[in-house]
Amino acid sequence: MAYLICTQPVNPRMDALPAYKIIHYPLEKRDYKPFAQVKLCLTPQELVVQMWAFEMLPRPESNLQGLLTADGSRRLWLRAWPDGRWECTADGPEGSRKLDAIAHTLDGEDLQGIYWGMSIRVPLRQAQQVLGAENLRPGGHLLGNFYKLSDNRDKPHKGSLYPADFAGERPYALPSLGQFQVVNY
């Protein structure tokens, strides 16, 4: 099953988009599996990614990550921490570089609990340079995964949207990535 990246107008209606759940915690022996979600869309100017996790008292090591790629040679990385720090980078054969993205923190409380997260907007031109313009049109496909991670010794956890090879220490390798399809929505 491919998750969808929906096209939206300039001001996207994020509340109308499907939310995808990070639920695969294969190494978790206890019952600590923080509920986390992600939404994605494309506007005429940006790739928009929202990631958030439900944690009442997140540890400083807690983080959300996203990885998108066309074929594994160039990758777009998104990272967020509960203190408001975030990164949006690209890497490939030419090295690693920071992208000109903008971000806004997400935090609050709803019927599911207390959450923190980030909404990151990547300029479409830069996303196309990394992922390929043909892959960011309706009918296009990408590979990727989203993660909820922490190496805090009291509450360590490693979760993902698609099942990832955490045991083999290859959660970012191609076999740990799943499909995302761009659709008109």
# chains A, B, ... in the order shown; residues from 1 in each chain; ligands from 1
>>> residues_around(residues="Leu78 in chain A", least_positions_apart="4", cutoff="8 Å", atoms="only C-alpha atoms", output="JSON, numbers by chain")
{"A": [65, 66, 67, 86, 87, 88, 89, 120]}
>>> residues_around(residues="Gly84 in chain A", least_positions_apart="4", cutoff="9 Å", atoms="only C-alpha atoms", output="list in words")
Ala80, His104, Thr105, Leu106, Trp116, Gly117 and Met118 of chain A
>>> write_last_selection(atoms="C-alpha atoms", output="mmCIF file, in the first residue's frame")
data_model
loop_
_atom_site.group_PDB
_atom_site.id
_atom_site.type_symbol
_atom_site.label_atom_id
_atom_site.label_comp_id
_atom_site.auth_asym_id
_atom_site.auth_seq_id
_atom_site.Cartn_x
_atom_site.Cartn_y
_atom_site.Cartn_z
ATOM 1 C CA ALA A 80 12.293 17.872 14.638
ATOM 2 C CA HIS A 104 6.487 26.228 12.657
ATOM 3 C CA THR A 105 6.140 24.331 15.890
ATOM 4 C CA LEU A 106 3.029 22.335 16.636
ATOM 5 C CA TRP A 116 4.524 18.387 20.108
ATOM 6 C CA GLY A 117 5.720 18.532 16.520
ATOM 7 C CA MET A 118 6.662 20.591 13.508
#
>>> residues_around(residues="Gly113 in chain A", least_positions_apart="3", cutoff="8 Å", atoms="only C-alpha atoms", output="PyMOL selection string")
chain A and resi 54-56+109-110
>>> write_last_selection(atoms="N, CA, C and O atoms", output="PDB file, in the first residue's frame")
ATOM      1  N   PHE A  54       2.593  12.351  20.426  1.00  0.00           N
ATOM      2  CA  PHE A  54       1.886  12.528  21.691  1.00  0.00           C
ATOM      3  C   PHE A  54       2.776  12.034  22.819  1.00  0.00           C
ATOM      4  O   PHE A  54       2.952  10.832  22.998  1.00  0.00           O
ATOM      5  N   GLU A  55       3.378  12.976  23.523  1.00  0.00           N
ATOM      6  CA  GLU A  55       4.226  12.680  24.673  1.00  0.00           C
ATOM      7  C   GLU A  55       3.997  13.788  25.698  1.00  0.00           C
ATOM      8  O   GLU A  55       4.196  14.959  25.392  1.00  0.00           O
ATOM      9  N   MET A  56       3.613  13.403  26.893  1.00  0.00           N
ATOM     10  CA  MET A  56       3.342  14.401  27.914  1.00  0.00           C
ATOM     11  C   MET A  56       4.622  15.117  28.329  1.00  0.00           C
ATOM     12  O   MET A  56       4.662  16.339  28.410  1.00  0.00           O
ATOM     13  N   GLU A 109      -2.880  20.311  23.001  1.00  0.00           N
ATOM     14  CA  GLU A 109      -3.572  19.174  23.588  1.00  0.00           C
ATOM     15  C   GLU A 109      -4.905  19.004  22.870  1.00  0.00           C
ATOM     16  O   GLU A 109      -5.573  19.974  22.536  1.00  0.00           O
ATOM     17  N   ASP A 110      -5.254  17.750  22.600  1.00  0.00           N
ATOM     18  CA  ASP A 110      -6.566  17.453  22.048  1.00  0.00           C
ATOM     19  C   ASP A 110      -7.100  16.213  22.747  1.00  0.00           C
ATOM     20  O   ASP A 110      -6.551  15.799  23.774  1.00  0.00           O
TER      21      ASP A 110
END
>>> atom_distance(atom1="CA of Pro58 in chain A", atom2="CA of Pro156 in chain A")
11.2 Å
>>> residues_around(residues="range 139-153 of chain A", least_positions_apart="2", cutoff="7 Å", atoms="only C-alpha atoms", output="number ranges by chain")
A: 22, 36, 59, 61-70, 134-137, 155-162, 177-183
>>> write_last_selection(atoms="N, CA and C atoms", output="compact mmCIF listing (two decimals), in the first residue's frame")
# COMPACT_ATOMS: atom_id res chain seq x y z
N ILE A 22 2.52 6.43 12.90
CA ILE A 22 3.78 5.74 13.16
C ILE A 22 3.48 4.71 14.25
N ALA A 36 2.45 8.72 17.15
CA ALA A 36 2.95 9.82 16.31
C ALA A 36 2.28 9.73 14.94
N ARG A 59 11.41 13.56 26.35
CA ARG A 59 12.83 13.69 26.72
C ARG A 59 13.55 14.51 25.65
N GLU A 61 16.09 13.87 24.00
CA GLU A 61 16.56 13.02 22.90
C GLU A 61 15.44 12.60 21.95
N SER A 62 14.21 12.82 22.35
CA SER A 62 13.07 12.45 21.53
C SER A 62 13.09 13.25 20.24
N ASN A 63 12.79 12.61 19.13
CA ASN A 63 12.76 13.31 17.84
C ASN A 63 11.87 12.62 16.84
N LEU A 64 11.45 13.38 15.86
CA LEU A 64 10.69 12.90 14.71
C LEU A 64 11.57 13.09 13.49
N GLN A 65 11.54 12.13 12.57
CA GLN A 65 12.34 12.23 11.36
C GLN A 65 11.53 11.79 10.16
N GLY A 66 11.85 12.37 9.02
CA GLY A 66 11.27 11.96 7.76
C GLY A 66 12.36 11.82 6.72
N LEU A 67 12.21 10.87 5.85
CA LEU A 67 13.16 10.63 4.76
C LEU A 67 12.36 10.38 3.50
N LEU A 68 12.66 11.14 2.44
CA LEU A 68 12.05 10.93 1.12
C LEU A 68 13.16 10.85 0.08
N THR A 69 12.98 9.98 -0.90
CA THR A 69 13.96 9.80 -1.97
C THR A 69 13.25 9.27 -3.21
N ALA A 70 13.85 9.50 -4.36
CA ALA A 70 13.32 8.92 -5.60
C ALA A 70 13.88 7.52 -5.80
N GLU A 134 9.54 15.13 -11.98
CA GLU A 134 8.55 14.15 -12.44
C GLU A 134 7.94 13.34 -11.30
N ASN A 135 8.66 13.22 -10.20
CA ASN A 135 8.16 12.46 -9.06
C ASN A 135 7.23 13.28 -8.17
N LEU A 136 7.21 14.60 -8.37
CA LEU A 136 6.40 15.49 -7.55
C LEU A 136 5.21 16.04 -8.32
N ARG A 137 4.72 15.27 -9.28
CA ARG A 137 3.50 15.58 -10.01
C ARG A 137 2.50 14.45 -9.76
N LYS A 155 13.51 5.89 28.51
CA LYS A 155 12.41 5.56 27.60
C LYS A 155 12.90 5.50 26.15
N PRO A 156 13.83 4.60 25.85
CA PRO A 156 14.28 4.49 24.46
C PRO A 156 13.19 3.87 23.59
N HIS A 157 13.13 4.31 22.35
CA HIS A 157 12.17 3.72 21.42
C HIS A 157 12.57 4.04 19.99
N LYS A 158 12.14 3.17 19.09
CA LYS A 158 12.39 3.32 17.65
C LYS A 158 11.15 2.85 16.92
N GLY A 159 10.42 3.82 16.37
CA GLY A 159 9.21 3.49 15.65
C GLY A 159 9.22 4.08 14.26
N SER A 160 8.37 3.53 13.39
CA SER A 160 8.34 4.01 12.01
C SER A 160 6.95 3.83 11.40
N LEU A 161 6.72 4.55 10.32
CA LEU A 161 5.48 4.44 9.55
C LEU A 161 5.45 3.11 8.80
N TYR A 162 6.45 2.88 7.96
CA TYR A 162 6.64 1.59 7.30
C TYR A 162 7.57 0.77 8.19
N LEU A 177 12.20 1.40 3.34
CA LEU A 177 11.38 2.49 2.82
C LEU A 177 10.16 1.95 2.09
N GLY A 178 9.09 2.72 2.14
CA GLY A 178 7.86 2.34 1.46
C GLY A 178 7.49 3.39 0.42
N GLN A 179 6.42 3.13 -0.30
CA GLN A 179 6.01 4.02 -1.39
C GLN A 179 5.08 5.14 -0.94
N PHE A 180 5.28 6.30 -1.57
CA PHE A 180 4.40 7.44 -1.44
C PHE A 180 3.99 7.83 -2.86
N GLN A 181 2.72 8.01 -3.09
CA GLN A 181 2.22 8.37 -4.42
C GLN A 181 1.61 9.76 -4.38
N VAL A 182 1.95 10.59 -5.36
CA VAL A 182 1.38 11.92 -5.47
C VAL A 182 0.05 11.83 -6.21
N VAL A 183 -1.00 12.41 -5.61
CA VAL A 183 -2.34 12.34 -6.20
C VAL A 183 -2.99 13.71 -6.13
>>> atom_distance(atom1="CA of Arg85 in chain A", atom2="CA of Ile102 in chain A")
11.7 Å
>>> select_by_dssp(residues="chain A", states="strand (DSSP E or B)", output="PyMOL selection string")
chain A and resi 3-7+20-22+24+36-42+46-54+63-69+75-80+86-92+95-98+102-110+113-123+141-150+157-160+165+170+178-184
>>> closest_residue(among="A:Glu94, A:Pro9, A:Leu42, A:Ser73", to="Ala173 in chain A", atoms="only C-alpha atoms")
A:Ser73
>>> select_by_dssp(residues="range 4-182 of chain A", states="helix (DSSP H, G or I)", output="list in words")
Met14, Asp15, Ala16, Leu124, Arg125, Gln126, Ala127, Gln128, Gln129, Val130, Leu131, Ala133, Glu134, Asn135, Leu136, Leu174, Pro175 and Ser176 of chain A
>>> write_last_selection(atoms="C-alpha atoms", output="PDB file, in the first residue's frame")
ATOM      1  CA  MET A  14      -4.179  20.331   6.313  1.00  0.00           C
ATOM      2  CA  ASP A  15      -7.231  19.303   8.341  1.00  0.00           C
ATOM      3  CA  ALA A  16      -8.691  17.652   5.213  1.00  0.00           C
ATOM      4  CA  LEU A 124       9.061  23.102  -4.361  1.00  0.00           C
ATOM      5  CA  ARG A 125      12.026  24.041  -6.552  1.00  0.00           C
ATOM      6  CA  GLN A 126      14.461  22.626  -3.971  1.00  0.00           C
ATOM      7  CA  ALA A 127      12.347  19.526  -3.388  1.00  0.00           C
ATOM      8  CA  GLN A 128      12.318  18.945  -7.157  1.00  0.00           C
ATOM      9  CA  GLN A 129      16.128  19.257  -7.315  1.00  0.00           C
ATOM     10  CA  VAL A 130      16.465  16.503  -4.718  1.00  0.00           C
ATOM     11  CA  LEU A 131      13.530  14.247  -5.604  1.00  0.00           C
ATOM     12  CA  ALA A 133      10.250  17.146 -10.781  1.00  0.00           C
ATOM     13  CA  GLU A 134       8.555  14.154 -12.445  1.00  0.00           C
ATOM     14  CA  ASN A 135       8.158  12.462  -9.055  1.00  0.00           C
ATOM     15  CA  LEU A 136       6.396  15.486  -7.546  1.00  0.00           C
ATOM     16  CA  LEU A 174      16.017   1.096   0.719  1.00  0.00           C
ATOM     17  CA  PRO A 175      14.391  -2.104   2.091  1.00  0.00           C
ATOM     18  CA  SER A 176      13.122  -0.035   5.068  1.00  0.00           C
TER      19      SER A 176
END
